[in-house]
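Shown next: my_file_2.txt, containing compact mmCIF, C-alpha atoms.
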# COMPACT_ATOMS: atom_id res chain seq x y z
CA MET A 1175 -34.48 57.65 68.23
CA GLY A 1176 -33.42 54.58 66.30
CA GLU A 1177 -34.24 53.21 62.88
CA PHE A 1178 -33.78 49.74 61.45
CA SER A 1179 -32.47 51.03 58.13
CA GLY A 1180 -28.73 50.61 58.46
CA GLY A 1181 -28.47 48.10 55.64
CA ASN A 1182 -27.27 44.52 55.49
CA LEU A 1183 -25.35 44.24 58.78
CA SER A 1184 -23.70 41.44 60.75
CA SER A 1185 -22.14 41.26 64.21
CA ASP A 1186 -19.70 38.52 63.09
CA GLY A 1187 -17.53 40.27 60.53
CA GLY A 1188 -14.45 38.30 61.58
CA LEU A 1189 -16.04 35.05 60.46
CA MET A 1190 -14.27 35.50 57.13
CA LEU A 1191 -11.02 34.80 59.04
CA VAL A 1192 -12.41 31.44 60.15
CA ALA A 1193 -13.32 30.69 56.54
CA GLU A 1194 -9.78 31.62 55.44
CA ALA A 1195 -8.34 29.30 58.09
CA ASP A 1196 -10.62 26.55 56.83
CA ARG A 1197 -9.52 27.06 53.23
CA ALA A 1198 -5.87 26.97 54.31
CA LEU A 1199 -6.30 23.70 56.21
CA GLY A 1200 -8.93 22.11 53.96
CA LEU A 1201 -10.63 20.84 57.11
CA THR A 1202 -14.35 20.98 56.38
CA SER A 1203 -13.77 19.88 52.78
CA ALA A 1204 -11.98 16.76 54.03
CA LEU A 1205 -14.71 16.11 56.61
CA ALA A 1206 -17.44 16.54 54.00
CA GLN A 1207 -15.80 13.92 51.77
CA CYS A 1208 -16.49 11.38 54.53
CA LEU A 1209 -20.23 11.93 54.12
CA PRO A 1210 -22.35 10.22 51.43
CA ASP A 1211 -23.57 12.08 48.37
CA HIS A 1212 -27.24 13.01 48.13
CA PRO A 1213 -29.17 10.28 46.29
CA ASP A 1214 -30.68 12.82 43.85
CA PRO A 1215 -28.36 15.81 43.19
CA THR A 1216 -31.08 17.63 41.22
CA LYS A 1217 -33.09 18.08 44.41
CA VAL A 1218 -30.25 19.46 46.52
CA VAL A 1219 -30.97 22.85 48.07
CA HIS A 1220 -28.37 22.70 50.85
CA GLY A 1221 -25.29 20.64 50.07
CA LEU A 1222 -23.82 18.45 52.81
CA ASP A 1223 -20.55 20.41 52.61
CA GLU A 1224 -22.45 23.68 53.04
CA MET A 1225 -24.36 22.41 56.07
CA LEU A 1226 -21.17 21.11 57.60
CA ARG A 1227 -19.49 24.50 57.21
CA GLN A 1228 -22.57 26.28 58.48
CA ARG A 1229 -22.57 24.32 61.73
CA VAL A 1230 -18.79 24.55 62.27
CA TYR A 1231 -18.65 28.29 61.52
CA GLN A 1232 -21.61 28.97 63.80
CA ILE A 1233 -19.91 27.12 66.64
CA ALA A 1234 -16.66 29.01 66.04
CA CYS A 1235 -18.56 32.29 66.45
CA GLY A 1236 -20.25 31.19 69.68
CA TYR A 1237 -23.56 29.89 68.31
CA GLU A 1238 -23.37 26.33 69.59
CA ASP A 1239 -27.11 25.67 69.55
CA CYS A 1240 -28.55 24.26 66.33
CA ASN A 1241 -31.65 26.44 66.91
CA ASP A 1242 -29.48 29.51 66.25
CA ALA A 1243 -29.54 28.60 62.55
CA ASP A 1244 -33.11 29.84 62.24
CA ASP A 1245 -31.82 33.41 62.70
CA LEU A 1246 -28.30 33.06 61.31
CA ARG A 1247 -29.40 31.52 58.01
CA TYR A 1248 -29.97 35.10 56.78
CA ASP A 1249 -26.65 36.48 58.08
CA PRO A 1250 -24.73 38.05 55.15
CA VAL A 1251 -21.25 37.21 56.49
CA LEU A 1252 -22.13 33.59 57.23
CA LYS A 1253 -23.61 33.23 53.73
CA THR A 1254 -20.55 34.70 51.99
CA SER A 1255 -18.16 32.65 54.17
CA ILE A 1256 -19.91 29.48 53.03
CA GLY A 1257 -19.86 30.57 49.38
CA ARG A 1258 -23.24 32.18 48.78
CA LEU A 1259 -23.95 35.77 47.79
CA PRO A 1260 -25.38 37.73 50.71
CA GLU A 1261 -28.46 39.16 48.98
CA THR A 1262 -29.32 37.32 45.77
CA ASP A 1263 -28.52 33.70 46.74
CA PRO A 1264 -30.95 31.55 48.79
CA ASP A 1265 -30.69 31.56 52.56
CA LEU A 1266 -28.83 28.84 54.44
CA ALA A 1267 -30.28 25.74 56.10
CA SER A 1268 -32.76 26.02 58.95
CA GLN A 1269 -32.65 24.16 62.26
CA PRO A 1270 -34.88 21.24 61.12
CA THR A 1271 -32.69 20.69 58.05
CA LEU A 1272 -29.51 20.75 60.13
CA SER A 1273 -31.04 18.37 62.68
CA TRP A 1274 -31.86 15.95 59.84
CA PHE A 1275 -28.25 16.34 58.67
CA GLU A 1276 -26.82 15.56 62.11
CA ASN A 1277 -28.96 12.47 62.58
CA ARG A 1278 -28.15 10.79 59.25
CA VAL A 1279 -24.44 10.28 59.96
CA THR A 1280 -23.28 6.68 60.52
CA ARG A 1281 -20.55 5.18 62.70
CA THR A 1282 -18.43 4.37 59.65
CA GLN A 1283 -18.54 7.98 58.52
CA LEU A 1284 -17.62 9.14 62.03
CA ARG A 1285 -14.54 6.89 62.01
CA ARG A 1286 -13.47 8.42 58.70
CA MET A 1287 -14.00 11.92 60.07
CA ALA A 1288 -11.95 11.10 63.15
CA GLN A 1289 -9.12 9.98 60.87
CA VAL A 1290 -9.26 13.37 59.12
CA LEU A 1291 -8.14 15.09 62.34
CA MET A 1292 -5.14 12.78 62.54
CA GLU A 1293 -4.19 13.28 58.90
CA LEU A 1294 -4.51 17.05 59.23
CA PHE A 1295 -2.01 17.01 62.09
CA VAL A 1296 0.46 14.91 60.09
CA ARG A 1297 0.08 17.18 57.07
CA GLN A 1298 0.64 20.34 59.10
CA TYR A 1299 3.96 19.03 60.43
CA ALA A 1300 4.98 17.07 57.30
CA SER A 1301 8.04 19.24 56.68
CA ALA A 1302 9.18 19.11 60.31
CA GLN A 1303 11.52 16.58 61.85
CA PRO A 1304 10.13 16.39 65.39
CA ASN A 1305 12.25 14.96 68.18
CA MET A 1306 9.35 14.33 70.55
CA ILE A 1307 5.56 14.23 70.40
CA VAL A 1308 3.67 14.37 73.70
CA LEU A 1309 0.19 12.83 73.69
CA ASP A 1310 -2.01 14.16 76.51
CA PHE A 1311 -5.09 12.08 77.28
CA ASP A 1312 -7.85 13.70 79.32
CA PRO A 1313 -11.41 12.69 80.23
CA THR A 1314 -14.01 15.35 80.93
CA ASP A 1315 -17.63 15.29 82.03
CA ASP A 1316 -20.41 16.19 79.61
CA PRO A 1317 -23.64 16.62 81.64
CA THR A 1318 -26.82 15.25 80.06
CA HIS A 1319 -30.32 16.46 80.81
CA GLY A 1320 -32.69 14.35 78.76
CA GLN A 1321 -33.07 10.90 77.23
CA GLN A 1322 -29.75 10.72 75.41
CA GLN A 1323 -28.57 7.22 74.58
CA PHE A 1324 -25.79 5.89 76.89
CA ALA A 1325 -26.11 8.81 79.30
CA CYS A 1326 -25.38 7.27 82.71
CA PHE A 1327 -24.73 8.37 86.26
CA HIS A 1328 -21.04 8.82 87.03
CA GLY A 1329 -20.07 8.59 90.69
CA SER A 1330 -16.99 10.81 90.46
CA TYR A 1331 -18.91 13.70 88.93
CA GLU A 1332 -22.17 12.91 90.77
CA GLU A 1333 -24.31 13.54 87.70
CA HIS A 1334 -25.77 11.90 84.61
CA CYS A 1335 -23.31 12.56 81.82
CA TYR A 1336 -21.17 11.38 78.96
CA LEU A 1337 -17.42 11.01 79.48
CA PRO A 1338 -15.60 12.25 76.34
CA LEU A 1339 -11.94 11.45 75.79
CA LEU A 1340 -9.86 14.34 74.42
CA VAL A 1341 -6.34 13.81 73.11
CA THR A 1342 -3.96 16.63 72.24
CA ALA A 1343 -0.51 16.38 70.70
CA GLN A 1344 2.45 18.71 71.16
CA VAL A 1345 5.39 18.60 68.77
CA ASP A 1346 8.55 19.55 70.68
CA ASP A 1347 7.74 22.99 72.19
CA GLY A 1348 4.92 23.84 69.80
CA PRO A 1349 1.22 24.43 70.51
CA GLN A 1350 -1.19 21.72 71.61
CA GLU A 1351 -3.13 20.31 68.66
CA LEU A 1352 -6.41 18.45 69.07
CA LEU A 1353 -6.19 14.91 67.66
CA VAL A 1354 -9.10 12.99 69.17
CA ALA A 1355 -12.54 13.92 70.50
CA LEU A 1356 -14.22 10.63 71.37
CA LEU A 1357 -17.62 10.51 73.06
CA ARG A 1358 -18.04 7.68 75.58
CA ALA A 1359 -20.89 6.39 77.71
CA GLY A 1360 -21.36 8.10 81.06
CA ASN A 1361 -20.46 5.04 83.12
CA SER A 1362 -17.08 4.58 81.39
CA HIS A 1363 -13.83 4.34 83.28
CA ALA A 1364 -11.49 7.21 82.43
CA SER A 1365 -9.13 4.78 80.65
CA ARG A 1366 -11.79 3.15 78.47
CA ALA A 1367 -10.64 2.90 74.83
CA ALA A 1368 -7.36 4.69 75.70
CA VAL A 1369 -5.14 1.83 74.52
CA ALA A 1370 -7.12 1.40 71.29
CA VAL A 1371 -6.77 5.13 70.56
CA LEU A 1372 -3.10 5.08 71.53
CA LYS A 1373 -2.40 2.18 69.17
CA ARG A 1374 -3.95 4.03 66.23
CA LEU A 1375 -2.14 7.29 66.97
CA VAL A 1376 1.28 5.74 67.56
CA ARG A 1377 1.06 3.64 64.40
CA ARG A 1378 0.27 6.70 62.26
CA LEU A 1379 2.83 8.96 63.92
CA ARG A 1380 5.59 6.40 63.39
CA GLU A 1381 4.59 5.98 59.76
CA ALA A 1382 5.18 9.72 59.34
CA TRP A 1383 8.26 9.99 61.61
CA PRO A 1384 9.86 6.60 62.29
CA GLU A 1385 12.47 7.98 64.71
CA VAL A 1386 10.24 10.30 66.75
CA ARG A 1387 10.04 9.79 70.49
CA ILE A 1388 6.44 9.51 71.73
CA VAL A 1389 5.37 10.23 75.32
CA PHE A 1390 1.99 9.41 76.88
CA ARG A 1391 0.87 11.78 79.64
CA GLY A 1392 -2.29 11.51 81.73
CA ASP A 1393 -3.92 11.90 85.13
CA ASN A 1394 -4.66 9.10 87.61
CA GLY A 1395 -7.63 7.89 85.58
CA PHE A 1396 -5.09 6.35 83.18
CA ALA A 1397 -2.99 4.71 85.92
CA VAL A 1398 -3.88 1.16 84.88
CA PRO A 1399 -1.53 -1.76 84.09
CA GLU A 1400 -2.92 -2.15 80.58
CA ILE A 1401 -1.50 1.26 79.61
CA TYR A 1402 1.87 0.75 81.33
CA ASP A 1403 2.34 -2.66 79.71
CA TRP A 1404 1.39 -1.48 76.23
CA CYS A 1405 3.64 1.59 76.40
CA GLU A 1406 6.62 -0.47 77.59
CA ALA A 1407 6.09 -3.11 74.91
CA ASN A 1408 5.89 -0.49 72.17
CA HIS A 1409 8.68 1.87 73.31
CA VAL A 1410 6.37 4.71 74.32
CA SER A 1411 7.47 6.70 77.37
CA TYR A 1412 4.87 7.76 79.93
CA ALA A 1413 4.25 10.08 82.86
CA ILE A 1414 1.01 9.29 84.69
CA ASN A 1415 -0.30 10.60 87.98
CA LEU A 1416 -1.05 8.06 90.73
CA ALA A 1417 -3.87 8.36 93.23
CA LYS A 1418 -2.77 8.50 96.88
CA ASN A 1419 -2.95 5.33 98.95
CA SER A 1420 -1.59 4.15 102.30
CA ARG A 1421 1.50 2.48 100.81
CA LEU A 1422 2.50 5.52 98.78
CA LEU A 1423 1.94 7.83 101.74
CA ALA A 1424 4.13 5.56 103.87
CA LEU A 1425 6.90 5.76 101.25
CA ALA A 1426 6.56 9.53 101.18
CA GLU A 1427 6.64 10.03 104.96
CA PRO A 1428 10.48 10.28 105.39
CA TYR A 1429 10.64 12.88 102.59
CA LEU A 1430 7.69 14.82 103.99
CA GLU A 1431 9.38 14.85 107.38
CA ARG A 1432 12.45 16.49 105.85
CA ALA A 1433 10.26 19.02 104.08
CA ARG A 1434 8.42 19.82 107.33
CA ALA A 1435 11.69 20.45 109.14
CA GLU A 1436 12.96 22.71 106.35
CA TYR A 1437 9.70 24.65 106.26
CA GLU A 1438 9.72 25.16 110.04
CA GLU A 1439 13.28 26.44 109.80
CA THR A 1440 12.82 28.84 106.87
CA GLY A 1441 9.08 29.61 106.91
CA GLU A 1442 9.12 29.39 103.11
CA LYS A 1443 7.39 26.90 100.85
CA VAL A 1444 9.38 23.67 100.38
CA ARG A 1445 9.01 21.51 97.27
CA ARG A 1446 11.28 18.52 96.69
CA VAL A 1447 10.97 15.58 94.30
CA TYR A 1448 12.38 12.09 94.93
CA VAL A 1449 12.45 8.78 93.04
CA VAL A 1450 11.45 5.41 94.55
CA SER A 1451 10.66 1.95 93.21
CA TYR A 1452 7.07 0.85 93.70
CA ALA A 1453 4.75 -1.94 92.55
CA ALA A 1454 1.02 -2.07 93.14
CA LYS A 1455 -0.62 -5.48 93.60
CA ASP A 1456 -1.83 -5.70 90.02
CA TRP A 1457 1.45 -4.52 88.45
CA SER A 1458 3.69 -7.05 86.71
CA ARG A 1459 6.87 -5.46 88.10
CA GLU A 1460 8.26 -2.50 90.02
CA ARG A 1461 8.30 0.89 88.33
CA ARG A 1462 9.84 4.29 88.99
CA VAL A 1463 7.58 6.62 90.96
CA LEU A 1464 8.24 10.31 91.62
CA ILE A 1465 7.26 11.58 95.06
CA LYS A 1466 6.65 15.30 95.38
CA ALA A 1467 7.10 16.34 99.02
CA GLU A 1468 5.60 19.81 99.35
CA VAL A 1469 4.93 21.76 102.55
CA SER A 1470 3.69 25.34 102.68
CA ALA A 1471 1.44 27.62 104.69
CA GLU A 1472 -1.53 25.82 103.10
CA GLY A 1473 -0.35 22.48 104.49
CA GLU A 1474 1.16 19.33 103.01
CA ASN A 1475 0.65 18.36 99.39
CA PRO A 1476 2.29 15.02 98.50
CA ARG A 1477 1.86 13.88 94.89
CA PHE A 1478 2.88 10.71 93.06
CA THR A 1479 3.71 10.13 89.38
CA VAL A 1480 4.76 6.89 87.69
CA VAL A 1481 7.26 7.54 84.90
CA SER A 1482 9.37 5.78 82.30
CA LEU A 1483 11.13 8.94 81.11
CA PRO A 1484 14.85 8.83 80.34
CA GLY A 1485 17.24 10.73 82.59
CA ASP A 1486 17.87 10.82 86.32
CA GLU A 1487 16.75 14.32 87.31
CA ALA A 1488 13.55 13.78 89.29
CA GLN A 1489 12.67 17.48 89.47
CA ASP A 1490 12.84 17.86 85.67
CA GLN A 1491 10.68 14.79 85.16
CA TYR A 1492 8.03 16.02 87.57
CA ASP A 1493 8.07 19.47 85.97
CA PHE A 1494 7.50 17.76 82.62
CA TYR A 1495 4.41 16.03 84.02
CA ALA A 1496 3.20 19.27 85.63
CA MET A 1497 3.19 20.94 82.21
CA ARG A 1498 -0.05 19.10 81.43
CA GLY A 1499 -1.70 21.87 83.44
CA ASP A 1500 -1.47 24.01 80.31
CA VAL A 1501 -3.22 21.26 78.34
CA GLU A 1502 -6.14 21.55 80.73
CA ASN A 1503 -6.54 25.13 79.49
CA ARG A 1504 -7.25 23.72 76.02
CA ILE A 1505 -9.96 21.50 77.52
CA LYS A 1506 -11.42 24.54 79.21
CA GLU A 1507 -11.51 26.33 75.86
CA ILE A 1508 -13.25 23.42 74.15
CA LYS A 1509 -15.79 23.01 76.96
CA THR A 1510 -16.42 26.56 78.15
CA ASP A 1511 -15.70 28.68 75.08
CA LEU A 1512 -16.88 26.31 72.34
CA GLN A 1513 -19.51 24.38 74.36
CA VAL A 1514 -18.48 20.90 73.23
CA ASP A 1515 -20.94 19.51 75.78
CA ARG A 1516 -23.97 20.61 73.74
CA THR A 1517 -24.81 16.94 73.12
CA SER A 1518 -28.59 17.14 73.36
CA CYS A 1519 -29.52 14.77 70.52
CA HIS A 1520 -31.20 11.50 71.47
CA ARG A 1521 -28.96 9.28 69.32
CA PHE A 1522 -25.44 8.66 70.61
CA VAL A 1523 -24.02 8.70 67.06
CA ALA A 1524 -25.53 12.14 66.41
CA ASN A 1525 -23.98 13.43 69.63
CA GLN A 1526 -20.57 12.06 68.59
CA PHE A 1527 -20.99 13.95 65.31
CA ARG A 1528 -21.67 17.13 67.27
CA VAL A 1529 -18.50 16.59 69.30
CA LEU A 1530 -16.50 16.35 66.06
CA LEU A 1531 -18.11 19.56 64.77
CA HIS A 1532 -17.00 21.38 67.92
CA ALA A 1533 -13.54 19.82 67.58
CA ALA A 1534 -13.33 21.19 64.02
CA ALA A 1535 -14.30 24.66 65.26
CA PHE A 1536 -11.53 24.49 67.88
CA ILE A 1537 -8.96 23.44 65.28
CA LEU A 1538 -9.87 26.45 63.10
CA ARG A 1539 -9.61 28.78 66.10
CA ASN A 1540 -6.25 27.21 66.96
CA HIS A 1541 -4.98 27.88 63.46
CA LEU A 1542 -5.96 31.54 63.83
CA ARG A 1543 -3.95 31.67 67.06
CA ARG A 1544 -0.97 30.05 65.33
CA CYS A 1545 -1.08 32.71 62.61
CA LEU A 1546 -1.10 35.44 65.27
CA ARG A 1547 2.42 34.59 66.47
CA GLY A 1548 4.35 37.73 67.30
CA THR A 1549 1.21 39.81 67.90
CA ARG A 1550 -0.57 40.82 71.11
CA LEU A 1551 -3.09 37.99 70.60
CA GLU A 1552 -0.61 35.13 70.12
CA ASN A 1553 -1.50 33.59 73.50
CA ALA A 1554 -5.16 34.58 73.53
CA GLN A 1555 -7.67 31.94 74.58
CA ALA A 1556 -10.56 30.97 72.33
CA CYS A 1557 -13.03 33.31 74.04
CA THR A 1558 -10.62 36.25 73.63
CA LEU A 1559 -10.11 35.51 69.94
CA GLN A 1560 -13.86 35.40 69.49
CA ARG A 1561 -14.40 38.69 71.29
CA HIS A 1562 -11.57 40.60 69.60
CA LEU A 1563 -11.38 39.08 66.12
CA LEU A 1564 -14.74 37.54 65.24
CA LYS A 1565 -17.33 39.75 66.93
CA LEU A 1566 -16.85 42.74 64.63
CA GLY A 1567 -19.74 44.79 63.30
CA VAL A 1568 -19.75 44.99 59.51
CA ARG A 1569 -22.00 46.23 56.71
CA VAL A 1570 -22.15 43.99 53.65
CA ARG A 1571 -23.04 45.23 50.17
CA GLU A 1572 -23.39 43.10 47.06
CA THR A 1573 -22.67 44.56 43.63
CA VAL A 1574 -22.53 42.95 40.20
CA ARG A 1575 -18.82 42.17 40.43
CA ARG A 1576 -18.01 41.70 44.10
CA VAL A 1577 -19.11 41.71 47.71
CA TRP A 1578 -17.99 44.66 49.84
CA ARG A 1579 -17.51 44.58 53.61
CA TYR A 1580 -17.38 47.84 55.56
CA PHE A 1581 -15.89 47.64 59.07
CA ALA A 1582 -15.81 50.40 61.66
CA SER A 1583 -13.18 53.06 61.00
CA ASN A 1584 -11.95 52.76 64.60
CA CYS A 1585 -11.84 48.94 64.65
CA PRO A 1586 -9.27 48.10 67.37
CA VAL A 1587 -7.75 45.11 65.51
CA GLN A 1588 -7.45 46.63 62.06
CA ASP A 1589 -3.63 46.62 62.39
CA LEU A 1590 -3.75 42.81 62.68
CA TRP A 1591 -6.09 42.27 59.75
CA ALA A 1592 -3.76 42.52 56.74
CA PRO A 1593 -0.81 40.49 58.18
CA LEU A 1594 -3.22 37.86 59.50
CA LEU A 1595 -4.87 37.43 56.10
CA ILE A 1596 -1.44 37.12 54.47
CA ARG A 1597 -0.45 34.34 56.87
CA LEU A 1598 -3.79 32.55 56.52
CA ARG A 1599 -3.50 32.57 52.72
CA ALA A 1600 0.06 31.26 52.81
CA ALA A 1601 0.87 27.56 53.14
CA PRO A 1602 -0.18 26.16 56.56
CA THR A 1603 2.61 26.19 59.19
Conversion result in structure tokens:
Amino acid sequence: MGEFSGGNLSSDGGLMLVAEADRALGLTSALAQCLPDHPDPTKVVHGLDEMLRQRVYQIACGYEDCNDADDLRYDPVLKTSIGRLPETDPDLASQPTLSWFENRVTRTQLRRMAQVLMELFVRQYASAQPNMIVLDFDPTDDPTHGQQQFACFHGSYEEHCYLPLLVTAQVDDGPQELLVALLRAGNSHASRAAVAVLKRLVRRLREAWPEVRIVFRGDNGFAVPEIYDWCEANHVSYAINLAKNSRLLALAEPYLERARAEYEETGEKVRRVYVVSYAAKDWSRERRVLIKAEVSAEGENPRFTVVSLPGDEAQDQYDFYAMRGDVENRIKEIKTDLQVDRTSCHRFVANQFRVLLHAAAFILRNHLRRCLRGTRLENAQACTLQRHLLKLGVRVRETVRRVWRYFASNCPVQDLWAPLLIRLRAAPT
């Protein structure tokens, strides 16, 4: 038998950790300041800052659909995390109210919100003296299924979609931090707006750290002369993958032949990296290109990377480029775990706002991961953090003086709870 008399319960008890991360970073407060005040404050039931937090916190807990608000508006943990009492205060905003909220944002406000992500990054590392900042640019497909503005067919992905641009930054050997989440039309080239974004980021980073070395890293979608020329003119190093073509394959053939001979002799995988000078027809000059000559039981796998990195060790330079594979894990988290592609509004501007909301949720999750250094969850992906830290059953009770939360006595992460709260409530690191 079962009875629905257990009290005021929630399945998202760990949401208070997300709220603590938000208070430490000041993220949603800064984003809310980019939005206009309500014309008549006396008629406000749901403040813009509250609705912003409601959407970001829902996404962080795995409720990416705005329709989920119709059920979650009563959730006691979500209410207390946003600043309302779980029983005596009014319920949170419903789906129609949140949809109105999403569709009233303007392009100017979106530009201000995008700048907040940049300023948050600078503030987090203000006390550091970084030697190098690596900027990883990545496009990703965002399938569309309705009448969204600027949704177009993209030949590479063979679907109607948007093509967001995601930019992460890594300070020395630190974690990857999300800096940019820019929605673009579905028929965009991968490099569209990349130089404009790069200009803005480099200018701000050099204002904060004039001597820092900045490196641009990207896949073959960014292998265009406009990016090479801008980077070289502005003292930004780069490592960019090149698509295969007949000329590059001809240059690689002598090195592949050596690798084949070595593989036939040893029977073990051979991987060698060489440097050549190369200039495509539309390049202004020759540039250094790394050729990876790889032969294994799976066959031959030549790869090409154009670089302007200092040093002469080709293997080290190629390994540096190959490290962007870890950055692709962050994209997977944003897409698969946080559903950044839930861009189902008709208006393009509203969909860009949604992308920024998902970006904010990822940044809060990333801060949780940063505060878990030295624990068994320090390298956990976003979905693992959600499953282990956020999806905790809890009973909430409101008294005159305080709100009580009762977790399970055998909660498997209770040993992490106290030290994590201490780190979250300390100054951001």
With stretch 1543-1549 of chain A as the partner and 12 Å as the cut-off, tabulate the residues of stretch 1186-1261 of chain A that qualify, each row holding the nearest pair of atoms and their distance in Å to one decimal, using only C-alpha atoms, sorted by chain and rising number, as CSV.
residue,atom,partner,partner_atom,distance
A:Leu1191,CA,A:Cys1545,CA,10.8
A:Val1192,CA,A:Arg1543,CA,10.9
A:Glu1194,CA,A:Cys1545,CA,11.3
A:Ala1195,CA,A:Cys1545,CA,9.2
A:Ala1198,CA,A:Cys1545,CA,11.2
Residues just named, written with C-alpha atoms as a PDB file, keeping the file's coordinate frame:
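Wrote it out as result.pdb, contents follow:
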ATOM      1  CA  LEU A1191     -11.020  34.800  59.040  1.00  0.00           C
ATOM      2  CA  VAL A1192     -12.410  31.440  60.150  1.00  0.00           C
ATOM      3  CA  GLU A1194      -9.780  31.620  55.440  1.00  0.00           C
ATOM      4  CA  ALA A1195      -8.340  29.300  58.090  1.00  0.00           C
ATOM      5  CA  ALA A1198      -5.870  26.970  54.310  1.00  0.00           C
TER       6      ALA A1198
END
Given all atoms listed in the file, how would the per-residue table for stretch 1343-1417 of chain A near stretch 1515-1539 of chain A read, listing every residue at most 8 Å away with its closest atom pair and distance in Å to one decimal, sorted by chain and number, as a Markdown table?
| residue | atom | partner | partner_atom | distance |
| --- | --- | --- | --- | --- |
| A:Glu1351 | CA | A:Ile1537 | CA | 7.4 |
| A:Leu1352 | CA | A:Ile1537 | CA | 6.8 |
| A:Ala1355 | CA | A:Leu1530 | CA | 6.4 |
| A:Leu1356 | CA | A:Gln1526 | CA | 7.1 |
| A:Leu1357 | CA | A:Gln1526 | CA | 5.6 |
What gap, in Å, lies between atom CA of A:Tyr1495 and atom CA of A:Tyr1412? 9.2 Å
Is it possible to get the residues within 6 Å of (-4.8, 10.4, 64.3) (coordinates as in the file, counting only C-alpha atoms) written as a PDB file with C-alpha atoms, in the frame of the given file?
ATOM      1  CA  GLN A1289      -9.120   9.980  60.870  1.00  0.00           C
ATOM      2  CA  MET A1292      -5.140  12.780  62.540  1.00  0.00           C
ATOM      3  CA  LEU A1353      -6.190  14.910  67.660  1.00  0.00           C
ATOM      4  CA  LEU A1375      -2.140   7.290  66.970  1.00  0.00           C
TER       5      LEU A1375
END
Write out as a short mmCIF file (atom, residue, chain, number, x, y, z; two decimals) with C-alpha atoms, keeping the file's coordinate frame each polymer residue whose atoms come within 9 Å of stretch 1397-1401 of chain A, counting only C-alpha atoms; drop sequence neighbours fewer than 6 positions from it.
data_model
loop_
_atom_site.label_atom_id
_atom_site.label_comp_id
_atom_site.auth_asym_id
_atom_site.auth_seq_id
_atom_site.Cartn_x
_atom_site.Cartn_y
_atom_site.Cartn_z
CA SER A 1365 -9.13 4.78 80.65
CA ALA A 1368 -7.36 4.69 75.70
CA VAL A 1369 -5.14 1.83 74.52
CA ILE A 1414 1.01 9.29 84.69
CA ASN A 1415 -0.30 10.60 87.98
CA LEU A 1416 -1.05 8.06 90.73
CA ALA A 1417 -3.87 8.36 93.23
CA ASP A 1456 -1.83 -5.70 90.02
CA TRP A 1457 1.45 -4.52 88.45
CA SER A 1458 3.69 -7.05 86.71
CA VAL A 1480 4.76 6.89 87.69
#
Please tabulate, as CSV, the residues of stretch 1179-1283 of chain A that come within 12 Å of stretch 1296-1320 of chain A, each with its closest pair of atoms and the distance in Å to one decimal, counting all atoms listed in the file and ordering rows by chain, then residue number upward.
residue,atom,partner,partner_atom,distance
A:Ala1198,CA,A:Gln1298,CA,10.5
A:Leu1199,CA,A:Gln1298,CA,8.2
A:Gly1200,CA,A:Arg1297,CA,10.7
A:Leu1201,CA,A:Arg1297,CA,11.3
With C-alpha atoms retained, export the selected residues as an mmCIF file, keeping the file's coordinate frame.
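That gives us again08.cif:
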data_model
loop_
_atom_site.group_PDB
_atom_site.id
_atom_site.type_symbol
_atom_site.label_atom_id
_atom_site.label_comp_id
_atom_site.auth_asym_id
_atom_site.auth_seq_id
_atom_site.Cartn_x
_atom_site.Cartn_y
_atom_site.Cartn_z
ATOM 1 C CA ALA A 1198 -5.870 26.970 54.310
ATOM 2 C CA LEU A 1199 -6.300 23.700 56.210
ATOM 3 C CA GLY A 1200 -8.930 22.110 53.960
ATOM 4 C CA LEU A 1201 -10.630 20.840 57.110
#
Atom pair atom CA of A:Ile1505 / atom CA of A:Asn1540: separation (Å):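 Computing it gives 12.6 Å between the two atoms.
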Counting all atoms listed in the file, the option among A:Pro1270, A:Pro1250, A:Pro1476, A:Pro1484 closest to A:Val1389: A:Pro1484
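Here atom CA of A:Asp1493 stands at a distance of 9.6 Å from atom CA of A:Val1447.
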Step by step: start from the point (-0.8, 23.7, 100.8) in the file's coordinates, keep every protein, DNA or RNA residue that has an atom no farther than 12 Å from it, count only C-alpha atoms, and write the set as a PyMOL selection string. chain A and resi 1434+1437+1442-1445+1467-1477
Same residues, C-alpha atoms, saved as an mmCIF file, in the frame of the given file:
data_model
loop_
_atom_site.group_PDB
_atom_site.id
_atom_site.type_symbol
_atom_site.label_atom_id
_atom_site.label_comp_id
_atom_site.auth_asym_id
_atom_site.auth_seq_id
_atom_site.Cartn_x
_atom_site.Cartn_y
_atom_site.Cartn_z
ATOM 1 C CA ARG A 1434 8.420 19.820 107.330
ATOM 2 C CA TYR A 1437 9.700 24.650 106.260
ATOM 3 C CA GLU A 1442 9.120 29.390 103.110
ATOM 4 C CA LYS A 1443 7.390 26.900 100.850
ATOM 5 C CA VAL A 1444 9.380 23.670 100.380
ATOM 6 C CA ARG A 1445 9.010 21.510 97.270
ATOM 7 C CA ALA A 1467 7.100 16.340 99.020
ATOM 8 C CA GLU A 1468 5.600 19.810 99.350
ATOM 9 C CA VAL A 1469 4.930 21.760 102.550
ATOM 10 C CA SER A 1470 3.690 25.340 102.680
ATOM 11 C CA ALA A 1471 1.440 27.620 104.690
ATOM 12 C CA GLU A 1472 -1.530 25.820 103.100
ATOM 13 C CA GLY A 1473 -0.350 22.480 104.490
ATOM 14 C CA GLU A 1474 1.160 19.330 103.010
ATOM 15 C CA ASN A 1475 0.650 18.360 99.390
ATOM 16 C CA PRO A 1476 2.290 15.020 98.500
ATOM 17 C CA ARG A 1477 1.860 13.880 94.890
#
Near-stretch 1496-1499 of chain A list (8 Å; only C-alpha atoms; drop same-chain fewer than 4 positions) as a PyMOL selection string: chain A and resi 1310+1391-1392+1492+1503
